[in-house]
Amino acid sequence: MPGNVTTSHLLERIRKFYEALAEPFIGREEEARAITLAIIAREHVVLIGEPGTAKSALARRSAELISAKFFKYLLTKYTEPSELFGPLDLNALREGRYVRITRGKMPEAEIVFLDEVFNANSAVLNALLSIMQERVWYDGYTEIRVPLWTMIGATNRVPEEPELEAVYDRFLVRQYAKPLPENKWGELLDAGWRIESGKVPSAQPVLDMNILAEIHKLVFNVDIAAVKPKLLRIFAVLEERGLHLTDRRKAKSLKIIAANALLEGRTRAEERDLIVLKYLAPRDIEDFDKVSIVLSEELRMPERFIKELNDIKANVKEAARLVDSMRSYDPRLVDLFRSLKIAKSRILNILKEADDERVRMLADETLHDIDELLEKISYKLGM
């Protein structure tokens, strides 16, 4: 390792990169995580969603945080290869030499962002295939190795055309970038105002390409033996539900699982790392929810407990409004009292099952709300 960099230091750098990538964006933690995992594993990632969901900004910031050479381009069916790979050197051509001027173009980039990537024509797509898979660009009869580390694609549609399947499959990591929900709009306005007023500091690098290469080597030192049986079971369940992964995606899945373990500060994969299948298994937009349901059923996921606790918390809030409108000794108070006791019992069981700080905090908050409401009901019932 350069400069005797320790594993613990590399793991710390990974975490800092993810946090710095997500920091200026509201509600884009999943997109930042998808990009981070792809970069750790030296794979490619596609962000699917409507314009204006921070896809381009996330890609650029990821390159800035690594001090990587960055190339960005919006593809259309009219995009010429020279726009991506550089124009021919006319002086060299007069001398009978076939040379392109690649300065500032994709062949020299380490992080590439291609917007509307599936709009490209066949000439561009064919070039992308070899670059993504082999890191080789075939320019005429010349084979040129390129320094591409990760390609980040963006699209507002999942491709249906057969000729696009090969390119789509090479984006190992996929994330559906949804518009922000209503409860995030206020934060979005504040963040937008800071950005427009120039009050957001530029990204300061937390990695460089040499350190990133060392981080990538750690992927293959992660102990993944314990998760293989469960992974094979989930593959089978997904297949039963009509969610097919190509052999390439299955084979490469362990890289992303290992990358997630590293991002979590571990060199041993655990069952919870299989959550990354939510980035690998979906093909169509509706598949993202289907895969989440399968993973929720198969894994002891904190997200499952968080959803259940949020549902309980919402029901408790609604019950509190009802209690405030009820008179003393209303017979419905007894039913509410019993329901709250059952809910409290369920939360205590969740606390025994879950080993996650977010779950514990939400469970404690909800228990506090229930205890307050039980006390109010007891007072109204004269207990």
# chains A, B, ... in the order shown; residues from 1 in each chain; ligands from 1
>>> select_by_dssp(residues="segment 68-225 of chain A", states="strand (DSSP E or B)", output="PyMOL selection string")
chain A and resi 70-74+88+100+111-115+136-139+142-145+150-155+173-176+223
>>> residues_around(residues="segment 50-61 of chain A", least_positions_apart="5", cutoff="9 Å", atoms="only C-alpha atoms", output="ChimeraX atom specification")
/A:20-22,25,28,31-32,35,66,70-72,111-115,152-157,177-180,202-203
>>> select_by_dssp(residues="segment 162-379 of chain A", states="helix (DSSP H, G or I)", output="PyMOL selection string")
chain A and resi 162-170+182-196+209-219+225-240+247-263+271-280+287-298+302-325+332-353+357-379
>>> residues_around(residues="Arg42 of chain A", least_positions_apart="2", cutoff="10 Å", atoms="only C-alpha atoms", output="PDB file with N, CA and C atoms, in the first residue's frame")
ATOM      1  N   THR A  36     -21.115   5.071  -5.025  1.00  0.00           N
ATOM      2  CA  THR A  36     -19.974   4.684  -4.197  1.00  0.00           C
ATOM      3  C   THR A  36     -19.644   3.204  -4.362  1.00  0.00           C
ATOM      4  N   LEU A  37     -20.659   2.353  -4.328  1.00  0.00           N
ATOM      5  CA  LEU A  37     -20.431   0.912  -4.468  1.00  0.00           C
ATOM      6  C   LEU A  37     -19.842   0.587  -5.839  1.00  0.00           C
ATOM      7  N   ALA A  38     -20.370   1.232  -6.870  1.00  0.00           N
ATOM      8  CA  ALA A  38     -19.854   0.992  -8.222  1.00  0.00           C
ATOM      9  C   ALA A  38     -18.384   1.406  -8.322  1.00  0.00           C
ATOM     10  N   ILE A  39     -18.039   2.535  -7.714  1.00  0.00           N
ATOM     11  CA  ILE A  39     -16.660   3.020  -7.777  1.00  0.00           C
ATOM     12  C   ILE A  39     -15.722   2.106  -6.984  1.00  0.00           C
ATOM     13  N   ILE A  40     -16.139   1.661  -5.811  1.00  0.00           N
ATOM     14  CA  ILE A  40     -15.299   0.740  -5.034  1.00  0.00           C
ATOM     15  C   ILE A  40     -15.015  -0.529  -5.836  1.00  0.00           C
ATOM     16  N   HIS A  44     -19.845  -0.164 -13.315  1.00  0.00           N
ATOM     17  CA  HIS A  44     -20.578   0.955 -13.899  1.00  0.00           C
ATOM     18  C   HIS A  44     -21.969   1.044 -13.282  1.00  0.00           C
ATOM     19  N   VAL A  45     -22.511   2.253 -13.243  1.00  0.00           N
ATOM     20  CA  VAL A  45     -23.795   2.495 -12.585  1.00  0.00           C
ATOM     21  C   VAL A  45     -24.667   3.360 -13.477  1.00  0.00           C
ATOM     22  N   LEU A 148     -10.488   4.411 -18.040  1.00  0.00           N
ATOM     23  CA  LEU A 148     -11.829   4.464 -17.447  1.00  0.00           C
ATOM     24  C   LEU A 148     -11.907   3.614 -16.188  1.00  0.00           C
ATOM     25  N   TRP A 149     -12.378   4.241 -15.112  1.00  0.00           N
ATOM     26  CA  TRP A 149     -12.595   3.507 -13.863  1.00  0.00           C
ATOM     27  C   TRP A 149     -14.077   3.139 -13.749  1.00  0.00           C
ATOM     28  N   THR A 150     -14.941   4.133 -13.817  1.00  0.00           N
ATOM     29  CA  THR A 150     -16.386   3.902 -13.698  1.00  0.00           C
ATOM     30  C   THR A 150     -17.125   4.794 -14.675  1.00  0.00           C
ATOM     31  N   MET A 151     -18.083   4.208 -15.370  1.00  0.00           N
ATOM     32  CA  MET A 151     -18.984   4.995 -16.203  1.00  0.00           C
ATOM     33  C   MET A 151     -20.314   5.144 -15.464  1.00  0.00           C
ATOM     34  N   LEU A 212      -7.683   4.923  -4.403  1.00  0.00           N
ATOM     35  CA  LEU A 212      -8.859   4.189  -4.880  1.00  0.00           C
ATOM     36  C   LEU A 212      -8.461   2.802  -5.382  1.00  0.00           C
ATOM     37  N   ALA A 213      -7.335   2.700  -6.047  1.00  0.00           N
ATOM     38  CA  ALA A 213      -6.867   1.395  -6.518  1.00  0.00           C
ATOM     39  C   ALA A 213      -6.596   0.450  -5.345  1.00  0.00           C
ATOM     40  N   HIS A 216      -9.905  -0.701  -4.022  1.00  0.00           N
ATOM     41  CA  HIS A 216     -10.471  -1.719  -4.904  1.00  0.00           C
ATOM     42  C   HIS A 216      -9.857  -3.092  -4.637  1.00  0.00           C
ATOM     43  N   VAL A 219     -11.526  -5.261  -2.019  1.00  0.00           N
ATOM     44  CA  VAL A 219     -12.762  -5.974  -2.372  1.00  0.00           C
ATOM     45  C   VAL A 219     -12.517  -7.473  -2.400  1.00  0.00           C
ATOM     46  N   LYS A 255     -18.902  -8.851  -5.907  1.00  0.00           N
ATOM     47  CA  LYS A 255     -18.074  -7.642  -5.840  1.00  0.00           C
ATOM     48  C   LYS A 255     -18.821  -6.511  -5.141  1.00  0.00           C
ATOM     49  N   ILE A 256     -20.110  -6.358  -5.469  1.00  0.00           N
ATOM     50  CA  ILE A 256     -20.885  -5.275  -4.857  1.00  0.00           C
ATOM     51  C   ILE A 256     -21.201  -5.599  -3.404  1.00  0.00           C
ATOM     52  N   ALA A 259     -18.095  -4.801  -1.620  1.00  0.00           N
ATOM     53  CA  ALA A 259     -17.953  -3.336  -1.553  1.00  0.00           C
ATOM     54  C   ALA A 259     -18.825  -2.758  -0.456  1.00  0.00           C
TER      55      ALA A 259
END
>>> residues_around(residues="Tyr138 of chain A", least_positions_apart="5", cutoff="10 Å", atoms="only C-alpha atoms", output="PDB file with N, CA and C atoms, in the first residue's frame")
ATOM      1  N   ASN A 126     -21.489   0.434 -29.879  1.00  0.00           N
ATOM      2  CA  ASN A 126     -20.483  -0.611 -30.067  1.00  0.00           C
ATOM      3  C   ASN A 126     -19.153  -0.235 -29.419  1.00  0.00           C
ATOM      4  N   ALA A 127     -18.792   1.041 -29.529  1.00  0.00           N
ATOM      5  CA  ALA A 127     -17.563   1.502 -28.888  1.00  0.00           C
ATOM      6  C   ALA A 127     -17.689   1.433 -27.364  1.00  0.00           C
ATOM      7  N   LEU A 128     -18.867   1.802 -26.857  1.00  0.00           N
ATOM      8  CA  LEU A 128     -19.083   1.782 -25.412  1.00  0.00           C
ATOM      9  C   LEU A 128     -18.981   0.375 -24.840  1.00  0.00           C
ATOM     10  N   SER A 130     -17.117  -2.246 -25.673  1.00  0.00           N
ATOM     11  CA  SER A 130     -15.746  -2.705 -25.426  1.00  0.00           C
ATOM     12  C   SER A 130     -15.063  -1.863 -24.347  1.00  0.00           C
ATOM     13  N   ILE A 131     -15.371  -0.580 -24.316  1.00  0.00           N
ATOM     14  CA  ILE A 131     -14.774   0.290 -23.291  1.00  0.00           C
ATOM     15  C   ILE A 131     -15.253  -0.108 -21.906  1.00  0.00           C
ATOM     16  N   GLU A 143      -5.983  -0.755 -31.269  1.00  0.00           N
ATOM     17  CA  GLU A 143      -6.537  -1.121 -29.958  1.00  0.00           C
ATOM     18  C   GLU A 143      -5.881  -0.245 -28.900  1.00  0.00           C
ATOM     19  N   ILE A 144      -6.710   0.555 -28.210  1.00  0.00           N
ATOM     20  CA  ILE A 144      -6.181   1.528 -27.252  1.00  0.00           C
ATOM     21  C   ILE A 144      -6.768   1.247 -25.874  1.00  0.00           C
ATOM     22  N   ARG A 145      -5.916   1.016 -24.899  1.00  0.00           N
ATOM     23  CA  ARG A 145      -6.384   0.835 -23.521  1.00  0.00           C
ATOM     24  C   ARG A 145      -6.721   2.204 -22.938  1.00  0.00           C
TER      25      ARG A 145
END
>>> residues_around(residues="Asp247 of chain A", least_positions_apart="6", cutoff="12 Å", atoms="only C-alpha atoms", output="ChimeraX atom specification")
/A:169-170,172,235,253,280-281
>>> atom_distance(atom1="atom CA of Glu353 of chain A", atom2="atom CA of Lys341 of chain A")
18.7 Å
>>> residues_around(residues="segment 304-311 of chain A", least_positions_apart="5", cutoff="7 Å", atoms="only C-alpha atoms", output="JSON, numbers by chain")
{"A": [296, 359, 362, 363]}
>>> residues_around(residues="segment 78-91 of chain A", least_positions_apart="6", cutoff="8 Å", atoms="only C-alpha atoms", output="list in words")
Tyr98, Val99, Arg100, Ile101, Thr102, Arg103, Lys105, Met106, Pro107, Ala120, Asn121, Ala123 and Val124 of chain A
>>> atom_distance(atom1="atom CA of Glu264 of chain A", atom2="atom CA of Val276 of chain A")
12.2 Å
>>> closest_residue(among="A:Ser328, A:Ser62, A:Ser122, A:Gln204", to="Lys376 of chain A", atoms="only C-alpha atoms")
A:Ser328
>>> closest_residue(among="A:Gly186, A:Glu375, A:Pro205, A:Glu270", to="Ala225 of chain A", atoms="only C-alpha atoms")
A:Glu270
>>> closest_residue(among="A:Ile48, A:Val291, A:Leu254, A:Val173", to="Ala34 of chain A", atoms="only C-alpha atoms")
A:Val173
>>> closest_residue(among="A:Ala258, A:Arg241, A:Gly382, A:Tyr18", to="Tyr329 of chain A", atoms="only C-alpha atoms")
A:Gly382
>>> closest_residue(among="A:Glu23, A:Glu187, A:Asp273, A:Asp355", to="Pro201 of chain A", atoms="only C-alpha atoms")
A:Glu23
>>> atom_distance(atom1="atom CA of Pro302 of chain A", atom2="atom CA of Asp356 of chain A")
6.5 Å
>>> decode(residues="segment 341-352 of chain A", atoms="N, CA and C atoms", output="PDB file, in the first residue's frame")
ATOM      1  N   LYS A 341     -51.434  -1.413  23.922  1.00  0.00           N
ATOM      2  CA  LYS A 341     -50.658  -2.396  24.671  1.00  0.00           C
ATOM      3  C   LYS A 341     -50.059  -3.442  23.724  1.00  0.00           C
ATOM      4  N   ILE A 342     -50.866  -3.854  22.742  1.00  0.00           N
ATOM      5  CA  ILE A 342     -50.378  -4.814  21.751  1.00  0.00           C
ATOM      6  C   ILE A 342     -49.244  -4.200  20.935  1.00  0.00           C
ATOM      7  N   ALA A 343     -49.442  -2.936  20.509  1.00  0.00           N
ATOM      8  CA  ALA A 343     -48.405  -2.243  19.744  1.00  0.00           C
ATOM      9  C   ALA A 343     -47.118  -2.114  20.554  1.00  0.00           C
ATOM     10  N   LYS A 344     -47.261  -1.822  21.843  1.00  0.00           N
ATOM     11  CA  LYS A 344     -46.087  -1.690  22.706  1.00  0.00           C
ATOM     12  C   LYS A 344     -45.335  -3.017  22.804  1.00  0.00           C
ATOM     13  N   SER A 345     -46.087  -4.112  22.905  1.00  0.00           N
ATOM     14  CA  SER A 345     -45.474  -5.435  22.972  1.00  0.00           C
ATOM     15  C   SER A 345     -44.695  -5.743  21.691  1.00  0.00           C
ATOM     16  N   ARG A 346     -45.288  -5.365  20.553  1.00  0.00           N
ATOM     17  CA  ARG A 346     -44.614  -5.604  19.273  1.00  0.00           C
ATOM     18  C   ARG A 346     -43.319  -4.808  19.182  1.00  0.00           C
ATOM     19  N   ILE A 347     -43.320  -3.567  19.647  1.00  0.00           N
ATOM     20  CA  ILE A 347     -42.115  -2.737  19.601  1.00  0.00           C
ATOM     21  C   ILE A 347     -41.019  -3.334  20.482  1.00  0.00           C
ATOM     22  N   LEU A 348     -41.394  -3.853  21.634  1.00  0.00           N
ATOM     23  CA  LEU A 348     -40.407  -4.476  22.520  1.00  0.00           C
ATOM     24  C   LEU A 348     -39.783  -5.707  21.862  1.00  0.00           C
ATOM     25  N   ASN A 349     -40.584  -6.442  21.089  1.00  0.00           N
ATOM     26  CA  ASN A 349     -40.052  -7.586  20.348  1.00  0.00           C
ATOM     27  C   ASN A 349     -39.096  -7.141  19.242  1.00  0.00           C
ATOM     28  N   ILE A 350     -39.446  -6.020  18.576  1.00  0.00           N
ATOM     29  CA  ILE A 350     -38.569  -5.480  17.540  1.00  0.00           C
ATOM     30  C   ILE A 350     -37.214  -5.109  18.129  1.00  0.00           C
ATOM     31  N   LEU A 351     -37.236  -4.522  19.322  1.00  0.00           N
ATOM     32  CA  LEU A 351     -35.990  -4.133  19.977  1.00  0.00           C
ATOM     33  C   LEU A 351     -35.115  -5.349  20.273  1.00  0.00           C
ATOM     34  N   LYS A 352     -35.749  -6.509  20.528  1.00  0.00           N
ATOM     35  CA  LYS A 352     -34.986  -7.737  20.763  1.00  0.00           C
ATOM     36  C   LYS A 352     -34.397  -8.288  19.468  1.00  0.00           C
TER      37      LYS A 352
END
